[in-house]
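Below is start18.csv, holding CSV, C-alpha atoms and all ligand atoms.
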chain,number,residue,atom,x,y,z
O,1,MET,CA,70.7,95.9,115.4
O,2,THR,CA,72.0,98.1,112.6
O,3,GLU,CA,73.0,96.2,109.5
O,4,GLU,CA,76.7,95.9,109.0
O,5,LYS,CA,77.6,97.9,105.9
O,6,GLN,CA,79.9,95.8,103.7
O,7,ILE,CA,82.3,98.2,102.0
O,8,ASP,CA,85.0,96.9,99.6
O,9,LYS,CA,87.9,99.0,100.9
O,10,SER,CA,90.3,97.4,98.5
O,11,LYS,CA,88.7,99.4,95.6
O,12,TRP,CA,89.5,102.7,97.3
O,13,GLY,CA,92.2,104.9,95.9
O,14,PHE,CA,95.4,105.8,97.9
O,15,TYR,CA,94.1,109.0,99.5
O,16,THR,CA,90.8,107.4,100.6
O,17,LYS,CA,92.6,104.4,102.1
O,18,SER,CA,95.0,106.8,103.8
O,19,VAL,CA,92.2,108.7,105.5
O,20,HIS,CA,89.7,105.9,106.2
O,21,VAL,CA,91.3,102.4,106.5
O,22,GLY,CA,92.0,101.7,110.2
O,23,SER,CA,90.6,105.1,111.2
O,24,GLU,CA,87.0,104.0,111.8
O,25,PRO,CA,85.1,105.8,114.6
O,26,CYS,CA,85.1,104.3,118.1
O,27,PRO,CA,82.2,101.7,118.2
O,28,ALA,CA,81.7,102.2,122.0
O,29,THR,CA,81.3,106.0,122.1
O,30,GLY,CA,81.0,107.2,118.5
O,31,ALA,CA,84.1,109.3,118.9
O,32,LEU,CA,85.1,110.1,115.3
O,33,VAL,CA,88.7,109.6,116.1
O,34,ALA,CA,89.2,106.3,118.0
O,35,PRO,CA,90.9,106.6,121.4
O,36,ILE,CA,94.4,105.5,122.2
O,37,TYR,CA,94.2,102.2,124.1
O,38,GLN,CA,96.9,103.0,126.6
O,39,THR,CA,97.0,99.8,128.6
O,40,SER,CA,99.5,97.1,129.3
O,41,THR,CA,97.2,94.2,130.0
O,42,TYR,CA,93.6,93.0,129.5
O,43,THR,CA,90.9,91.5,131.6
O,44,TYR,CA,88.5,88.6,130.8
O,45,GLU,CA,85.0,87.5,131.9
O,46,ASN,CA,86.3,84.3,133.3
O,47,THR,CA,89.0,81.7,132.9
O,48,THR,CA,87.1,79.9,130.2
O,49,GLU,CA,87.1,83.0,128.0
O,50,ALA,CA,90.7,83.8,128.8
O,51,GLY,CA,91.6,80.2,127.8
O,52,GLN,CA,89.9,80.6,124.5
O,53,ILE,CA,91.7,83.8,123.8
O,54,PHE,CA,95.1,82.5,124.9
O,55,SER,CA,94.8,79.3,122.8
O,56,GLY,CA,93.7,81.4,119.7
O,57,GLU,CA,90.2,79.9,119.5
O,58,LYS,CA,88.7,83.3,120.0
O,59,PHE,CA,90.0,86.7,119.0
O,60,GLY,CA,91.2,88.9,121.9
O,61,TYR,CA,94.1,90.7,123.4
O,62,LEU,CA,96.7,89.1,125.6
O,63,TYR,CA,99.4,91.5,126.7
O,64,GLY,CA,100.8,94.8,125.6
O,65,ARG,CA,104.0,93.4,124.1
O,66,ASP,CA,101.9,91.2,121.8
O,67,HIS,CA,99.5,93.7,120.3
O,68,SER,CA,97.3,96.6,121.1
O,69,PRO,CA,94.0,97.7,119.5
O,70,THR,CA,95.6,101.0,118.4
O,71,GLU,CA,98.4,99.0,116.8
O,72,TYR,CA,95.9,96.8,114.8
O,73,GLN,CA,94.3,100.0,113.4
O,74,LEU,CA,97.7,101.3,112.3
O,75,GLU,CA,98.7,97.9,110.8
O,76,GLU,CA,95.5,97.7,108.8
O,77,LYS,CA,96.2,101.1,107.3
O,78,ILE,CA,99.8,100.4,106.4
O,79,ALA,CA,99.0,97.0,104.9
O,80,ALA,CA,96.3,98.6,102.7
O,81,LEU,CA,98.6,101.3,101.5
O,82,GLU,CA,101.5,99.0,100.8
O,83,GLY,CA,99.2,96.5,99.1
O,84,GLY,CA,100.2,93.6,101.4
O,85,GLU,CA,98.2,91.0,103.2
O,86,ALA,CA,99.3,92.0,106.6
O,87,CYS,CA,101.6,94.3,108.6
O,88,LYS,CA,103.4,94.3,111.9
O,89,THR,CA,104.6,97.5,113.5
O,90,PHE,CA,107.6,98.0,115.7
O,91,ALA,CA,109.3,100.5,118.0
O,92,SER,CA,111.7,101.6,115.3
O,93,GLY,CA,112.7,100.8,111.7
O,94,MET,CA,115.7,98.9,113.1
O,95,ALA,CA,113.5,96.8,115.3
O,96,ALA,CA,111.4,95.9,112.2
O,97,ILE,CA,114.5,95.2,110.0
O,98,SER,CA,116.2,93.0,112.7
O,99,ALA,CA,112.9,91.1,113.4
O,100,VAL,CA,112.7,90.2,109.7
O,101,ALA,CA,116.3,89.0,109.7
O,102,LEU,CA,115.8,87.0,112.9
O,103,ALA,CA,112.7,85.4,111.4
O,104,ILE,CA,114.5,84.3,108.1
O,105,LEU,CA,118.1,83.6,109.0
O,106,ASN,CA,119.5,80.6,110.9
O,107,GLN,CA,123.0,79.8,112.0
O,108,GLY,CA,125.0,78.8,108.9
O,109,ASP,CA,122.9,80.9,106.5
O,110,HIS,CA,124.2,83.7,104.3
O,111,VAL,CA,122.6,87.1,103.6
O,112,ILE,CA,123.3,89.5,100.8
O,113,CYS,CA,122.9,93.2,101.5
O,114,SER,CA,123.3,96.4,99.4
O,115,ASP,CA,126.7,97.8,100.0
O,116,VAL,CA,125.2,101.3,100.2
O,117,VAL,CA,122.6,100.9,102.9
O,118,TYR,CA,121.3,102.5,106.1
O,119,GLY,CA,124.2,102.4,108.7
O,120,GLY,CA,122.1,100.5,111.3
O,121,THR,CA,121.3,97.8,108.8
O,122,TYR,CA,125.0,97.5,107.8
O,123,GLY,CA,125.9,97.2,111.5
O,124,LEU,CA,123.2,94.6,112.1
O,125,PHE,CA,124.8,92.1,109.7
O,126,GLU,CA,128.4,93.1,110.3
O,127,LYS,CA,128.4,93.3,114.1
O,128,ILE,CA,125.4,91.2,115.4
O,129,PHE,CA,124.4,88.4,113.0
O,130,ASN,CA,128.0,87.8,112.4
O,131,LYS,CA,128.4,86.7,116.1
O,132,TYR,CA,125.8,84.0,115.6
O,133,GLY,CA,127.2,82.3,112.6
O,134,VAL,CA,125.3,84.1,109.9
O,135,GLU,CA,127.6,85.1,107.0
O,136,HIS,CA,127.0,88.2,104.9
O,137,THR,CA,128.2,89.8,101.7
O,138,PHE,CA,127.8,93.5,100.9
O,139,VAL,CA,127.4,94.0,97.2
O,140,ASP,CA,126.4,96.6,94.7
O,141,THR,CA,122.9,95.3,94.1
O,142,SER,CA,122.4,97.7,91.2
O,143,ASP,CA,124.8,95.4,89.3
O,144,LEU,CA,122.9,92.2,88.7
O,145,GLU,CA,126.0,90.3,87.6
O,146,LYS,CA,127.8,91.1,90.8
O,147,LEU,CA,124.7,90.2,92.8
O,148,GLU,CA,124.3,86.8,91.1
O,149,ALA,CA,128.0,86.1,91.6
O,150,ALA,CA,127.5,86.8,95.4
O,151,ILE,CA,124.8,84.2,95.8
O,152,LYS,CA,125.8,81.0,97.6
O,153,ASN,CA,124.1,77.7,98.3
O,154,ASN,CA,123.2,78.9,101.8
O,155,THR,CA,121.9,82.4,100.7
O,156,LYS,CA,118.5,82.8,102.3
O,157,MET,CA,117.8,86.5,102.1
O,158,ILE,CA,118.7,89.6,100.0
O,159,HIS,CA,118.1,93.0,101.6
O,160,ILE,CA,118.0,96.0,99.4
O,161,GLU,CA,117.3,99.7,99.8
O,162,THR,CA,116.3,101.6,96.7
O,163,PRO,CA,117.0,104.4,96.2
O,164,ALA,CA,120.0,103.8,98.5
O,165,ASN,CA,121.1,106.2,101.2
O,166,PRO,CA,122.8,108.7,100.5
O,167,THR,CA,124.1,108.0,97.0
O,168,LEU,CA,120.5,107.5,95.5
O,169,ARG,CA,121.6,104.6,93.5
O,170,LEU,CA,118.7,102.4,92.4
O,171,THR,CA,118.2,98.6,92.4
O,172,ASP,CA,115.9,97.0,89.9
O,173,ILE,CA,113.3,95.3,92.3
O,174,LYS,CA,111.6,93.3,89.6
O,175,LYS,CA,114.8,91.8,88.2
O,176,VAL,CA,116.2,91.0,91.6
O,177,SER,CA,112.9,89.4,92.6
O,178,GLU,CA,113.1,87.1,89.6
O,179,ILE,CA,116.6,86.0,90.6
O,180,CYS,CA,115.4,85.4,94.2
O,181,LYS,CA,112.4,83.4,93.1
O,182,SER,CA,114.5,81.1,90.9
O,183,LYS,CA,116.7,80.3,93.9
O,184,GLY,CA,114.2,80.3,96.8
O,185,ILE,CA,115.7,83.4,98.4
O,186,LYS,CA,113.6,85.9,100.3
O,187,LEU,CA,113.8,89.5,99.0
O,188,VAL,CA,113.4,92.2,101.6
O,189,VAL,CA,113.0,95.8,100.3
O,190,ASP,CA,113.5,98.8,102.6
O,191,ASN,CA,110.9,101.2,101.1
O,192,THR,CA,111.5,104.1,103.6
O,193,PHE,CA,112.6,106.6,101.0
O,194,MET,CA,109.8,106.1,98.4
O,195,THR,CA,106.9,105.1,100.6
O,196,PRO,CA,104.0,103.1,99.0
O,197,TYR,CA,102.8,106.3,97.4
O,198,PHE,CA,105.7,106.2,95.0
O,199,GLN,CA,106.9,102.6,95.0
O,200,ARG,CA,105.2,99.3,95.7
O,201,PRO,CA,107.9,96.6,96.0
O,202,LEU,CA,105.3,93.8,96.7
O,203,ASP,CA,103.7,94.4,93.3
O,204,LEU,CA,107.2,94.2,91.7
O,205,GLY,CA,107.8,90.7,93.3
O,206,ALA,CA,109.4,91.5,96.6
O,207,ASP,CA,108.5,89.1,99.5
O,208,ILE,CA,108.8,91.6,102.4
O,209,VAL,CA,108.8,95.3,102.7
O,210,VAL,CA,110.3,97.1,105.7
O,211,HIS,CA,109.9,100.8,106.7
O,212,SER,CA,111.3,103.3,109.1
O,213,CYS,CA,108.0,105.0,109.9
O,214,THR,CA,110.1,107.6,111.6
O,215,LYS,CA,110.6,109.2,108.2
O,216,TYR,CA,107.8,110.0,105.6
O,217,MET,CA,105.2,107.6,107.1
O,218,GLY,CA,105.0,109.6,110.4
O,219,GLY,CA,106.2,112.6,108.5
O,220,HIS,CA,106.5,115.2,111.3
O,221,GLY,CA,109.8,114.4,112.9
O,222,ASP,CA,108.1,113.6,116.3
O,223,LEU,CA,108.4,109.8,116.6
O,224,ILE,CA,110.4,106.6,116.0
O,225,ALA,CA,108.6,103.6,114.6
O,226,GLY,CA,109.0,100.8,112.0
O,227,ALA,CA,106.8,98.4,110.0
O,228,VAL,CA,107.0,95.1,108.1
O,229,ILE,CA,104.5,94.3,105.4
O,230,ALA,CA,104.3,90.7,103.9
O,231,ASP,CA,101.9,87.8,103.5
O,232,GLU,CA,99.8,86.9,106.5
O,233,ASP,CA,101.8,83.7,107.3
O,234,PHE,CA,105.1,85.5,107.6
O,235,ILE,CA,103.6,88.3,109.7
O,236,LYS,CA,101.7,86.0,112.0
O,237,ASN,CA,104.0,83.0,112.3
O,238,GLY,CA,107.4,84.1,111.0
O,239,LEU,CA,107.6,87.3,113.1
O,240,HIS,CA,105.9,85.7,116.2
O,241,GLU,CA,109.1,84.7,118.0
O,242,PRO,CA,111.2,87.8,117.4
O,243,VAL,CA,108.2,89.9,118.4
O,244,THR,CA,107.2,88.2,121.6
O,245,LYS,CA,110.7,87.1,122.7
O,246,ILE,CA,112.8,90.1,121.8
O,247,GLY,CA,110.2,92.8,122.3
O,248,GLY,CA,110.7,96.0,120.4
O,249,LEU,CA,107.0,96.8,120.5
O,250,ILE,CA,105.5,100.1,119.4
O,251,SER,CA,103.6,102.1,122.0
O,252,PRO,CA,99.9,102.9,121.5
O,253,PHE,CA,100.6,106.6,121.5
O,254,THR,CA,103.2,106.2,118.7
O,255,CYS,CA,100.7,104.1,116.7
O,256,PHE,CA,98.2,107.0,117.0
O,257,LEU,CA,100.8,109.5,115.7
O,258,VAL,CA,101.8,107.4,112.8
O,259,LYS,CA,98.2,106.8,111.9
O,260,ARG,CA,97.5,110.5,112.0
O,261,GLY,CA,100.6,111.2,109.9
O,262,LEU,CA,99.6,108.6,107.3
O,263,GLN,CA,96.3,110.3,106.6
O,264,THR,CA,98.2,113.0,104.6
O,265,LEU,CA,101.0,110.8,103.2
O,266,GLY,CA,100.1,111.2,99.6
O,267,LEU,CA,99.5,115.0,99.9
O,268,ARG,CA,102.9,115.4,101.6
O,269,MET,CA,104.7,113.2,99.1
O,270,ASN,CA,103.5,115.3,96.2
O,271,GLN,CA,104.9,118.4,97.8
O,272,HIS,CA,108.2,116.7,98.8
O,273,ASN,CA,108.5,115.5,95.2
O,274,LYS,CA,107.7,118.9,93.7
O,275,ASN,CA,110.2,120.7,95.9
O,276,ALA,CA,112.9,118.2,95.3
O,277,LEU,CA,112.6,118.3,91.5
O,278,GLU,CA,112.7,122.1,91.5
O,279,ILE,CA,115.6,122.3,94.0
O,280,ALA,CA,117.5,119.6,92.1
O,281,LYS,CA,117.2,121.6,88.8
O,282,PHE,CA,118.3,124.7,90.6
O,283,LEU,CA,121.3,123.0,92.1
O,284,GLU,CA,122.3,121.6,88.7
O,285,SER,CA,122.4,125.1,87.3
O,286,HIS,CA,124.5,126.7,90.1
O,287,PRO,CA,128.2,127.2,89.5
O,288,ALA,CA,129.2,126.2,93.1
O,289,VAL,CA,127.6,122.8,92.6
O,290,GLU,CA,129.8,120.1,91.1
O,291,LYS,CA,127.2,117.3,90.7
O,292,THR,CA,123.5,116.9,91.6
O,293,ILE,CA,122.1,113.4,92.2
O,294,TYR,CA,118.3,113.0,92.0
O,295,PRO,CA,116.5,110.1,90.4
O,296,GLY,CA,114.1,112.7,88.8
O,297,LEU,CA,116.8,114.4,86.8
O,298,LYS,CA,117.6,113.2,83.3
O,299,SER,CA,121.3,113.2,84.3
O,300,HIS,CA,120.7,110.4,86.9
O,301,PRO,CA,122.2,107.3,85.3
O,302,GLN,CA,119.2,105.2,86.3
O,303,HIS,CA,116.5,107.8,85.4
O,304,GLU,CA,114.8,105.3,83.1
O,305,LEU,CA,114.6,102.6,85.8
O,306,ALA,CA,113.3,105.3,88.2
O,307,LYS,CA,110.5,106.1,85.8
O,308,GLN,CA,109.7,102.3,85.5
O,309,GLN,CA,109.6,101.2,89.1
O,310,MET,CA,108.6,104.5,90.8
O,311,THR,CA,105.6,106.8,90.3
O,312,GLY,CA,107.5,109.8,91.7
O,313,PHE,CA,111.1,110.5,92.6
O,314,GLY,CA,110.8,111.3,96.3
O,315,GLY,CA,112.1,114.1,98.4
O,316,LEU,CA,115.8,113.3,98.8
O,317,ILE,CA,118.6,115.0,96.9
O,318,SER,CA,122.4,114.5,97.2
O,319,CYS,CA,124.8,116.9,95.7
O,320,GLU,CA,128.5,117.5,95.6
O,321,LEU,CA,129.8,121.0,95.9
O,322,LYS,CA,133.0,122.5,94.6
O,323,GLY,CA,135.6,123.2,97.2
O,324,GLY,CA,135.7,119.9,99.2
O,325,LEU,CA,135.1,119.5,102.9
O,326,LYS,CA,135.4,123.2,103.6
O,327,ASN,CA,132.5,124.2,101.3
O,328,GLY,CA,130.4,121.1,102.4
O,329,GLN,CA,130.5,122.4,105.9
O,330,ALA,CA,130.2,126.1,105.0
O,331,PHE,CA,127.1,125.5,102.9
O,332,CYS,CA,125.3,123.8,105.8
O,333,ASP,CA,126.5,126.5,108.2
O,334,ASN,CA,125.2,129.3,105.9
O,335,LEU,CA,121.6,128.0,105.7
O,336,GLU,CA,119.0,130.1,107.6
O,337,LEU,CA,115.6,128.5,107.0
O,338,ILE,CA,116.7,124.9,106.4
O,339,SER,CA,117.7,122.9,109.6
O,340,LEU,CA,121.0,121.1,110.0
O,341,ALA,CA,119.8,117.7,111.1
O,342,VAL,CA,120.0,114.0,110.3
O,343,SER,CA,116.9,111.9,109.6
O,344,LEU,CA,114.6,112.7,106.7
O,345,GLY,CA,111.1,112.7,105.5
O,346,ASP,CA,110.1,115.5,107.8
O,347,VAL,CA,107.7,118.3,106.8
O,348,GLY,CA,110.6,120.7,107.4
O,349,THR,CA,113.6,120.6,105.1
O,350,LEU,CA,116.7,119.1,106.6
O,351,VAL,CA,120.3,119.1,105.4
O,352,GLN,CA,123.2,117.0,106.5
O,353,HIS,CA,126.9,116.7,105.5
O,354,PRO,CA,127.9,113.0,105.9
O,355,ALA,CA,131.7,113.6,105.8
O,356,SER,CA,131.6,115.8,108.9
O,357,MET,CA,128.6,114.3,110.6
O,358,THR,CA,127.2,110.7,110.1
O,359,HIS,CA,130.2,109.3,108.4
O,360,LYS,CA,132.9,111.2,110.2
O,361,SER,CA,134.3,108.2,112.0
O,362,LEU,CA,134.8,106.2,108.8
O,363,PRO,CA,138.3,106.1,107.3
O,364,ARG,CA,138.3,108.7,104.4
O,365,GLU,CA,139.3,106.1,101.7
O,366,GLU,CA,136.5,103.8,102.8
O,367,ARG,CA,134.0,106.6,102.9
O,368,ILE,CA,134.9,107.9,99.5
O,369,SER,CA,134.9,104.4,97.9
O,370,SER,CA,131.3,104.0,98.9
O,371,GLY,CA,130.4,107.3,97.2
O,372,ILE,CA,130.4,109.6,100.1
O,373,THR,CA,132.8,112.3,99.0
O,374,ASP,CA,134.1,115.2,101.2
O,375,SER,CA,131.6,117.7,99.9
O,376,LEU,CA,128.5,115.4,99.5
O,377,ILE,CA,125.4,117.1,101.0
O,378,ARG,CA,122.1,115.3,101.5
O,379,ILE,CA,119.0,117.4,101.4
O,380,SER,CA,115.6,116.0,102.6
O,381,CYS,CA,113.2,118.4,101.0
O,382,GLY,CA,110.2,119.4,103.2
O,383,VAL,CA,106.8,120.7,102.2
O,384,GLU,CA,107.6,124.4,102.6
O,385,ASP,CA,107.1,126.8,99.6
O,386,THR,CA,109.6,126.0,96.9
O,387,LYS,CA,110.7,129.6,96.5
O,388,ASP,CA,111.6,130.0,100.1
O,389,LEU,CA,113.8,126.9,100.0
O,390,ILE,CA,115.5,127.9,96.8
O,391,ASP,CA,116.1,131.4,98.2
O,392,ASP,CA,117.8,129.9,101.3
O,393,ILE,CA,119.9,127.4,99.2
O,394,LYS,CA,120.9,130.2,96.8
O,395,GLN,CA,122.2,132.6,99.5
O,396,ALA,CA,124.1,129.7,101.2
O,397,LEU,CA,125.7,128.7,97.8
O,398,ASP,CA,126.4,132.3,96.7
O,399,LYS,CA,128.6,132.9,99.8
O,400,LEU,CA,130.9,129.9,99.0
O,401,GLU,CA,134.4,130.6,97.7
O,402,ILE,CA,134.9,128.5,94.6
O,501,LIG,C1,116.1,105.7,109.3
O,501,LIG,C2,116.2,104.5,108.5
O,501,LIG,C3,116.2,103.3,109.0
O,501,LIG,C4,116.1,103.0,110.5
O,501,LIG,O1,114.9,103.4,111.1
O,501,LIG,P1,114.7,103.9,112.6
O,501,LIG,O2,113.3,104.2,112.7
O,501,LIG,O3,115.6,105.1,112.8
O,501,LIG,O4,115.1,102.7,113.5
O,501,LIG,C5,116.2,102.2,108.2
O,501,LIG,N1,116.3,102.3,106.8
O,501,LIG,C6,116.3,103.6,106.3
O,501,LIG,C7,116.4,103.7,104.8
O,501,LIG,C8,116.3,104.7,107.1
O,501,LIG,O5,116.3,105.9,106.5
Take the structure in this file and express it as structure tokens.
Amino acid sequence: MTEEKQIDKSKWGFYTKSVHVGSEPCPATGALVAPIYQTSTYTYENTTEAGQIFSGEKFGYLYGRDHSPTEYQLEEKIAALEGGEACKTFASGMAAISAVALAILNQGDHVICSDVVYGGTYGLFEKIFNKYGVEHTFVDTSDLEKLEAAIKNNTKMIHIETPANPTLRLTDIKKVSEICKSKGIKLVVDNTFMTPYFQRPLDLGADIVVHSCTKYMGGHGDLIAGAVIADEDFIKNGLHEPVTKIGGLISPFTCFLVKRGLQTLGLRMNQHNKNALEIAKFLESHPAVEKTIYPGLKSHPQHELAKQQMTGFGGLISCELKGGLKNGQAFCDNLELISLAVSLGDVGTLVQHPASMTHKSLPREERISSGITDSLIRISCGVEDTKDLIDDIKQALDKLEI
């Protein structure tokens, strides 16, 4: 018998955790990269052993919808990076967000959600929970007075996204968490945009963090996945029913891809951040650009808060061009290197024009009142060379008639 080496992984830095936690070699074969356990069910020595596993007396696997070994490895890595006790992964960010809401909210409860929030999350409260007697209020969560005024006796959960998509408005996580703690409300933070490399909501007092791993966590635009990070009791007991009864499980292959992507999360985020800051400064100086929104710019109204609660500013920029809808579309159509695509957090730079794409079906007044003007462009800066990206953006802007 070899002696078990006891390593205190919690002392490791972010990069070391990214590479090594949950990425141990395969104990059976010594394969440096553990295999993908592509199985839907598990076999046991005998009924006695199976009984012990099913009753929870002994650790073991039950069925593919419950957990897989590849999933445990991924969850260990994500929990370590986010600084939480435990993690549960899902087939998508929306599966993760809806499982959290299902775990917390009961009929007659009330939920508060940022008014600028991922469209799927908006729809979840507006179209689905609504049907089952859960009330909701959408409010500007960056305004603490408005937020406090929206709290009712039956408010059980506040869901925030910071920075919010696509206006890049911030919410003060620490201050909101203090309000939540004083009223026994659970604070859920969607940390997709920042990732734990730049923002750690649990350290700032949030109860639960959710992620779309489809974005920076996976990082390569080749998968859909989600994660929830919280204390062990919530992950094991709170999420148990939504996980096992609703499903929404992540496949072992997707776990493998997210795990691989996470090994370079910090490295990628540095380059996303560097590119975004340079591009934002360039946009701010170009005559065809009306306004550039990026938390890393001094001109961002919440730049001080950004510096307080984030250790970087991320890869997303929004900007408004001169010349309305026409120039919003023309700019995107003029790009040569940068791809016209929704989603974000990919190694490649992506651009989208909400007014003619994701928010096209919204009435114009409603769209504009939530900050999505005719010429608003969202850029998800990739990890390419800064100069190549700026050259492409410059030629696309120079062609606009202003
Ligand atoms: C994409 C996204 C989601 C939804 O995640 P999916 O993986 O597409 O289900 C939720 N929140 C934010 C902020 C997102 O960008």
What is the distance between CA of Gln395 (chain O) and CA of Thr349 (chain O), in Å to one decimal?
15.8 Å
What separates CA of Asp374 (chain O) and CA of His136 (chain O) is a distance of 28.2 Å
Identify, counting only C-alpha atoms and all ligand atoms, the protein, DNA and RNA residues located within 6 Å of ligand LIG 501 (chain O), and give them as a short mmCIF file (atom, residue, chain, number, x, y, z; two decimals) with C-alpha atoms, keeping the file's coordinate frame.
data_model
loop_
_atom_site.label_atom_id
_atom_site.label_comp_id
_atom_site.auth_asym_id
_atom_site.auth_seq_id
_atom_site.Cartn_x
_atom_site.Cartn_y
_atom_site.Cartn_z
CA SER O 92 111.70 101.60 115.30
CA GLY O 93 112.70 100.80 111.70
CA MET O 94 115.70 98.90 113.10
CA TYR O 118 121.30 102.50 106.10
CA THR O 192 111.50 104.10 103.60
CA SER O 212 111.30 103.30 109.10
CA THR O 214 110.10 107.60 111.60
CA ILE O 224 110.40 106.60 116.00
CA ALA O 225 108.60 103.60 114.60
CA GLY O 226 109.00 100.80 112.00
#
For region 227-321 of chain O versus region 21-31 of chain O, which residues have an atom no more than 10 Å away, and what is each residue's nearest atom pair and distance in Å rounded to one decimal, using all atoms listed in the file, chain-then-number order, as a Markdown table?
| residue | atom | partner | partner_atom | distance |
| --- | --- | --- | --- | --- |
| O:Phe256 | CA | O:Ser23 | CA | 9.7 |
| O:Lys259 | CA | O:Ser23 | CA | 7.8 |
| O:Arg260 | CA | O:Ser23 | CA | 8.8 |
| O:Gln263 | CA | O:Ser23 | CA | 9.0 |
Give me, as a short mmCIF file (atom, residue, chain, number, x, y, z; two decimals) with C-alpha atoms, in the coordinates of the input, all polymer residues having an atom no more than 10 Å from Lys236 (chain O), counting all atoms listed in the file and skipping those fewer than 4 positions away in the same chain.
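Once everything was written out, this is around06.cif:
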data_model
loop_
_atom_site.label_atom_id
_atom_site.label_comp_id
_atom_site.auth_asym_id
_atom_site.auth_seq_id
_atom_site.Cartn_x
_atom_site.Cartn_y
_atom_site.Cartn_z
CA ALA O 86 99.30 92.00 106.60
CA CYS O 87 101.60 94.30 108.60
CA LYS O 88 103.40 94.30 111.90
CA ALA O 230 104.30 90.70 103.90
CA ASP O 231 101.90 87.80 103.50
CA GLU O 232 99.80 86.90 106.50
CA HIS O 240 105.90 85.70 116.20
CA GLU O 241 109.10 84.70 118.00
CA VAL O 243 108.20 89.90 118.40
#
Applying 6 Å and all atoms listed in the file, which residues near Asn154 (chain O) remain after dropping the ones on its own chain fewer than 2 positions away? List them as a PyMOL selection string.
chain O and resi 109-110+152
Export of prior selection with C-alpha atoms as a compact mmCIF listing (two decimals), in the coordinates of the input:
# COMPACT_ATOMS: atom_id res chain seq x y z
CA ASP O 109 122.90 80.90 106.50
CA HIS O 110 124.20 83.70 104.30
CA LYS O 152 125.80 81.00 97.60
Could you list, as a list of chain:residue names, every residue within 9 Å of Ile317 (chain O), counting all atoms listed in the file and ignoring same-chain residues fewer than 4 positions away?
O:Pro166, O:Thr167, O:Leu168, O:Ala276, O:Leu277, O:Ile279, O:Ala280, O:Thr292, O:Ile293, O:Tyr294, O:Pro295, O:Ile377, O:Arg378, O:Ile379, O:Ser380, O:Cys381
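Proximity of O:His67, O:Arg268, O:His303, O:Lys245 to Asp172 (chain O), computed with only C-alpha atoms, is greatest for O:His303.
Comparing the minimum interatomic distances between Val289 (chain O) and each of O:Lys322, O:Lys307, O:His159, O:Arg364, counting all atoms listed in the file, we find that O:Lys322 sits nearest.
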Residues near Val210 (chain O), anyone? I mean within 9 Å using all atoms listed in the file, not counting same-chain ones fewer than 3 positions away, as an MDAnalysis selection string.
chainID O and resid 93 96:97 100 188:192 226:230
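Counting all atoms listed in the file, Phe59 (chain O) has the following residues at most 12 Å away, ignoring those fewer than 6 positions along the same chain: Glu49, Ala50, Gly51, Gln52, Ile53, His67 and Pro69 of chain O.
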Any idea what the distance is between CA of Leu202 (chain O) and CA of Phe313 (chain O)?
18.1 Å
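Residue nearest His286 (chain O), chosen from O:Ala341, O:Ala164, O:Cys319, O:Met357 and counting only C-alpha atoms: O:Cys319.
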Using only C-alpha atoms, which of O:Cys255, O:Ile235, O:Leu376, O:Met217 sits nearest Asp346 (chain O)?
O:Met217
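Comparing the minimum interatomic distances between Cys213 (chain O) and each of O:Glu75, O:Glu284, O:Glu126, O:Glu290, counting all atoms listed in the file, we find that O:Glu75 sits nearest.
Distances to Lys298 (chain O) were evaluated for O:Ile338, O:Leu147, O:His272, O:Lys281 using only C-alpha atoms, and the minimum falls at O:Lys281.
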Is it possible to get the residues within 12 Å of (119.3, 80.4, 103.4) (coordinates as in the file, counting all atoms listed in the file) written as an mmCIF file with C-alpha atoms, keeping the file's coordinate frame?
data_model
loop_
_atom_site.group_PDB
_atom_site.id
_atom_site.type_symbol
_atom_site.label_atom_id
_atom_site.label_comp_id
_atom_site.auth_asym_id
_atom_site.auth_seq_id
_atom_site.Cartn_x
_atom_site.Cartn_y
_atom_site.Cartn_z
ATOM 1 C CA ALA O 101 116.300 89.000 109.700
ATOM 2 C CA ALA O 103 112.700 85.400 111.400
ATOM 3 C CA ILE O 104 114.500 84.300 108.100
ATOM 4 C CA LEU O 105 118.100 83.600 109.000
ATOM 5 C CA ASN O 106 119.500 80.600 110.900
ATOM 6 C CA GLN O 107 123.000 79.800 112.000
ATOM 7 C CA GLY O 108 125.000 78.800 108.900
ATOM 8 C CA ASP O 109 122.900 80.900 106.500
ATOM 9 C CA HIS O 110 124.200 83.700 104.300
ATOM 10 C CA VAL O 111 122.600 87.100 103.600
ATOM 11 C CA ILE O 112 123.300 89.500 100.800
ATOM 12 C CA VAL O 134 125.300 84.100 109.900
ATOM 13 C CA GLU O 135 127.600 85.100 107.000
ATOM 14 C CA HIS O 136 127.000 88.200 104.900
ATOM 15 C CA ILE O 151 124.800 84.200 95.800
ATOM 16 C CA LYS O 152 125.800 81.000 97.600
ATOM 17 C CA ASN O 153 124.100 77.700 98.300
ATOM 18 C CA ASN O 154 123.200 78.900 101.800
ATOM 19 C CA THR O 155 121.900 82.400 100.700
ATOM 20 C CA LYS O 156 118.500 82.800 102.300
ATOM 21 C CA MET O 157 117.800 86.500 102.100
ATOM 22 C CA ILE O 158 118.700 89.600 100.000
ATOM 23 C CA CYS O 180 115.400 85.400 94.200
ATOM 24 C CA LYS O 183 116.700 80.300 93.900
ATOM 25 C CA GLY O 184 114.200 80.300 96.800
ATOM 26 C CA ILE O 185 115.700 83.400 98.400
ATOM 27 C CA LYS O 186 113.600 85.900 100.300
ATOM 28 C CA LEU O 187 113.800 89.500 99.000
#
